[in-house]
2 protein chains.
Amino acid sequence: MPGRRKTAASGNATDQGGAVQGRLGIIAGGGTLPVLLADAYPDAYCLTFEGTDCALPDEILTRYRYEKLGSVFTALRAEGITRIVMAGATTRPHLDMKQLDFTVMSLAPRVMKAMGTGRDDALLRLVISVFEEQGFSVVGAHDLLPALTASAGLLSGAPLSKEARVDSARGRDILEGLAPLDVSQGCVVAGGLCLGIETIQGTDAMLRFVAQTPDRLRRGRGVLCKFPKSGQDLRVDMPAIGPDTLRRAAEAGLEGIVIAAGRVLLIDRDVLLPLADELGLTILAEEV
Amino acid sequence: MPGRRKTAASGNATDQGGAVQGRLGIIAGGGTLPVLLADAYPDAYCLTFEGTDCALPDEILTRYRYEKLGSVFTALRAEGITRIVMAGATTRPHLDMKQLDFTVMSLAPRVMKAMGTGRDDALLRLVISVFEEQGFSVVGAHDLLPALTASAGLLSGAPLSKEARVDSARGRDILEGLAPLDVSQGCVVAGGLCLGIETIQGTDAMLRFVAQTPDRLRRGRGVLCKFPKSGQDLRVDMPAIGPDTLRRAAEAGLEGIVIAAGRVLLIDRDVLLPLADELGLTILAEEV
């Protein structure tokens, strides 16, 4: 990204689709997703928060503190930003209570309430609300880069065996039963038996657990199902699979991975699909 | 159990409640439960299947092969058995197809169908049906030994903290959401976050997984919730906690265990409750 500046004169950018829309602000977390977005939207204003392991180069990135959220809104407005995207992994911040600005303090009751629910979606919904109340629209990375997700169909490997299709249907039933509870985006079913349900530790931890299943409980190879929770706001929290997911799935002996078409991010797609073929893993995208 | 014979002359036994009922047959698996039942019902006829690690002494135990199920029914009738209890852990048998008797062969289509569902409750319901069709009534260990389960109330340790009560309520919600799917009898919630959902590997495996949760995802100590699935037939498949459950729960840093009153077996109760006190673990039984 040579020659780019942190501040752009124009308040507008042309989307990939060609429509002129408001200038984009990228609130960047870790991983490759913010980099893909910044490449596709060279006019975007990129910011991150202290403590985030952000891969964007310093010359296009401005760092803020969570405690000074008010300065973020001021900067976004000064930069002519009308819509923002939150992309990449973040960790829950440890706030320095003495540093909080008025904006953060005025949000405290709502933050406490959302955190008290123990539901991550409540906290993320609050974040969206706050940005919207400040006049920004919040869009999802998959809206800006449709190629990040998959259309329905076979992405890699052989078509699923009959047994794996039955396992996949059961996996989807399990995720659907859990959907209203905001617990899980993934599970593994093999030979009709559920071998793992994803919890807060994430998909890779679940797959390591599944890999340790005693042989006497293994029937058939099984599949990983990865679907968003029913109320999940994909603008800030989207299921994803990446090369590590594939390696863990292969180590767990699975036949394949079934994902929701259009609703699961494919991280490092150029690496992902050849790796799946190499590992002999099927990846299938299904309509939700 | 000195001087007891495998075969008793009388076809009747007096239950603990004093009512005269049919003679009991104990189909024994592993663990202490069959031993407790045999002690309480000295007149019972005890049998197990080859491959089961059964703790009952040989002099009161008769061994059968799954392939020769017909001979079990014949023996039970000859012994004057009218009701049976299935107690203790069993493993899914590997059948020698050349040894199957007519009884087993005639059941094959139903067994295949039940196994094809991938749902353990379907297989266990079939087992109950088969015994009932043969004229036996099937009772649960908890019906014969009510002291195996807990009445509602605090069984050990301090009353749960307010935070742990909130976690417990969320854990029960999660299990209720999964109940129709016959997946899980247990889960762990800490600080509102679900850290583990029990799958086919069992409670102890889940607790070992929970113990590995990174610190950044741990908020509060948390509780293990243990409740039967909604359609679960407690006569053949009952949730249980034992000393190992407590040790694993303590290693996972939990504050306590919340179980369904009257519906969860307390294995080795005499060891269990003092151990809970020693480990500083609360055990609370709640009405379902």
# chains A, B, ... in the order shown; residues from 1 in each chain; ligands from 1
>>> select_by_dssp(residues="segment 71-154 of chain A", states="strand (DSSP E or B)", output="VMD selection string")
chain A and resid 81 to 87 89 137 to 139 153 to 154
>>> residues_around(residues="segment 280-285 of chain A", least_positions_apart="4", cutoff="7 Å", atoms="only C-alpha atoms", output="ChimeraX atom specification")
/A:150-160,255-261,276
>>> write_last_selection(atoms="N, CA, C and O atoms", output="mmCIF file, in the first residue's frame")
data_model
loop_
_atom_site.group_PDB
_atom_site.id
_atom_site.type_symbol
_atom_site.label_atom_id
_atom_site.label_comp_id
_atom_site.auth_asym_id
_atom_site.auth_seq_id
_atom_site.Cartn_x
_atom_site.Cartn_y
_atom_site.Cartn_z
ATOM 1 N N ALA A 150 -18.703 -18.118 1.134
ATOM 2 C CA ALA A 150 -18.855 -19.070 0.040
ATOM 3 C C ALA A 150 -20.291 -19.112 -0.440
ATOM 4 O O ALA A 150 -21.222 -19.011 0.359
ATOM 5 N N SER A 151 -20.475 -19.280 -1.743
ATOM 6 C CA SER A 151 -21.797 -19.607 -2.265
ATOM 7 C C SER A 151 -22.065 -21.083 -1.981
ATOM 8 O O SER A 151 -21.129 -21.867 -1.780
ATOM 9 N N ALA A 152 -23.333 -21.455 -1.971
ATOM 10 C CA ALA A 152 -23.691 -22.846 -1.696
ATOM 11 C C ALA A 152 -23.026 -23.772 -2.706
ATOM 12 O O ALA A 152 -22.973 -23.466 -3.897
ATOM 13 N N GLY A 153 -22.494 -24.879 -2.220
ATOM 14 C CA GLY A 153 -21.869 -25.844 -3.111
ATOM 15 C C GLY A 153 -20.607 -26.426 -2.509
ATOM 16 O O GLY A 153 -20.215 -26.085 -1.393
ATOM 17 N N LEU A 154 -20.003 -27.308 -3.277
ATOM 18 C CA LEU A 154 -18.804 -28.006 -2.833
ATOM 19 C C LEU A 154 -17.582 -27.122 -3.095
ATOM 20 O O LEU A 154 -17.326 -26.724 -4.227
ATOM 21 N N LEU A 155 -16.833 -26.813 -2.045
ATOM 22 C CA LEU A 155 -15.662 -25.943 -2.195
ATOM 23 C C LEU A 155 -14.372 -26.718 -2.361
ATOM 24 O O LEU A 155 -13.406 -26.238 -2.938
ATOM 25 N N SER A 156 -14.315 -27.900 -1.764
ATOM 26 C CA SER A 156 -13.100 -28.712 -1.873
ATOM 27 C C SER A 156 -13.457 -30.162 -1.609
ATOM 28 O O SER A 156 -14.484 -30.450 -0.988
ATOM 29 N N GLY A 157 -12.604 -31.056 -2.080
ATOM 30 C CA GLY A 157 -12.744 -32.470 -1.759
ATOM 31 C C GLY A 157 -13.880 -33.155 -2.476
ATOM 32 O O GLY A 157 -14.534 -32.591 -3.362
ATOM 33 N N ALA A 158 -14.125 -34.398 -2.062
ATOM 34 C CA ALA A 158 -15.171 -35.228 -2.661
ATOM 35 C C ALA A 158 -16.526 -34.874 -2.045
ATOM 36 O O ALA A 158 -16.579 -34.339 -0.944
ATOM 37 N N PRO A 159 -17.619 -35.168 -2.746
ATOM 38 C CA PRO A 159 -18.938 -34.991 -2.120
ATOM 39 C C PRO A 159 -19.008 -35.793 -0.820
ATOM 40 O O PRO A 159 -18.380 -36.846 -0.703
ATOM 41 N N LEU A 160 -19.758 -35.289 0.147
ATOM 42 C CA LEU A 160 -19.861 -35.985 1.435
ATOM 43 C C LEU A 160 -20.496 -37.361 1.250
ATOM 44 O O LEU A 160 -21.402 -37.524 0.438
ATOM 45 N N GLU A 255 -14.268 -36.176 8.108
ATOM 46 C CA GLU A 255 -14.399 -36.291 6.661
ATOM 47 C C GLU A 255 -14.530 -34.906 6.019
ATOM 48 O O GLU A 255 -14.066 -34.695 4.903
ATOM 49 N N GLY A 256 -15.143 -33.986 6.743
ATOM 50 C CA GLY A 256 -15.325 -32.677 6.127
ATOM 51 C C GLY A 256 -15.895 -31.629 7.054
ATOM 52 O O GLY A 256 -16.119 -31.873 8.240
ATOM 53 N N ILE A 257 -16.107 -30.454 6.471
ATOM 54 C CA ILE A 257 -16.625 -29.294 7.186
ATOM 55 C C ILE A 257 -17.819 -28.771 6.397
ATOM 56 O O ILE A 257 -17.716 -28.581 5.186
ATOM 57 N N VAL A 258 -18.917 -28.560 7.100
ATOM 58 C CA VAL A 258 -20.114 -28.027 6.451
ATOM 59 C C VAL A 258 -20.372 -26.648 7.025
ATOM 60 O O VAL A 258 -20.465 -26.485 8.247
ATOM 61 N N ILE A 259 -20.442 -25.646 6.163
ATOM 62 C CA ILE A 259 -20.594 -24.263 6.624
ATOM 63 C C ILE A 259 -21.844 -23.638 6.010
ATOM 64 O O ILE A 259 -22.379 -24.124 5.018
ATOM 65 N N ALA A 260 -22.276 -22.546 6.630
ATOM 66 C CA ALA A 260 -23.420 -21.809 6.106
ATOM 67 C C ALA A 260 -22.969 -20.960 4.921
ATOM 68 O O ALA A 260 -22.055 -20.149 5.049
ATOM 69 N N ALA A 261 -23.625 -21.138 3.780
ATOM 70 C CA ALA A 261 -23.308 -20.315 2.606
ATOM 71 C C ALA A 261 -23.546 -18.849 2.942
ATOM 72 O O ALA A 261 -24.536 -18.493 3.569
ATOM 73 N N ALA A 276 -7.239 -27.801 1.962
ATOM 74 C CA ALA A 276 -8.312 -28.780 2.167
ATOM 75 C C ALA A 276 -8.143 -29.950 1.206
ATOM 76 O O ALA A 276 -8.274 -31.115 1.601
#
>>> closest_residue(among="A:Val183, A:Ala87, A:Met97, A:Ala250", to="chain B", atoms="only C-alpha atoms")
A:Val183
>>> interface_residues(of="chain A", to="chain B", cutoff="7 Å", atoms="only C-alpha atoms", output="PyMOL selection string")
chain A and resi 117-119+174+177-178+181+183+191-197+199-201+213
>>> closest_residue(among="A:Val138, A:Leu275, A:Val264, A:Ile241", to="Leu124 of chain A", atoms="only C-alpha atoms")
A:Val138
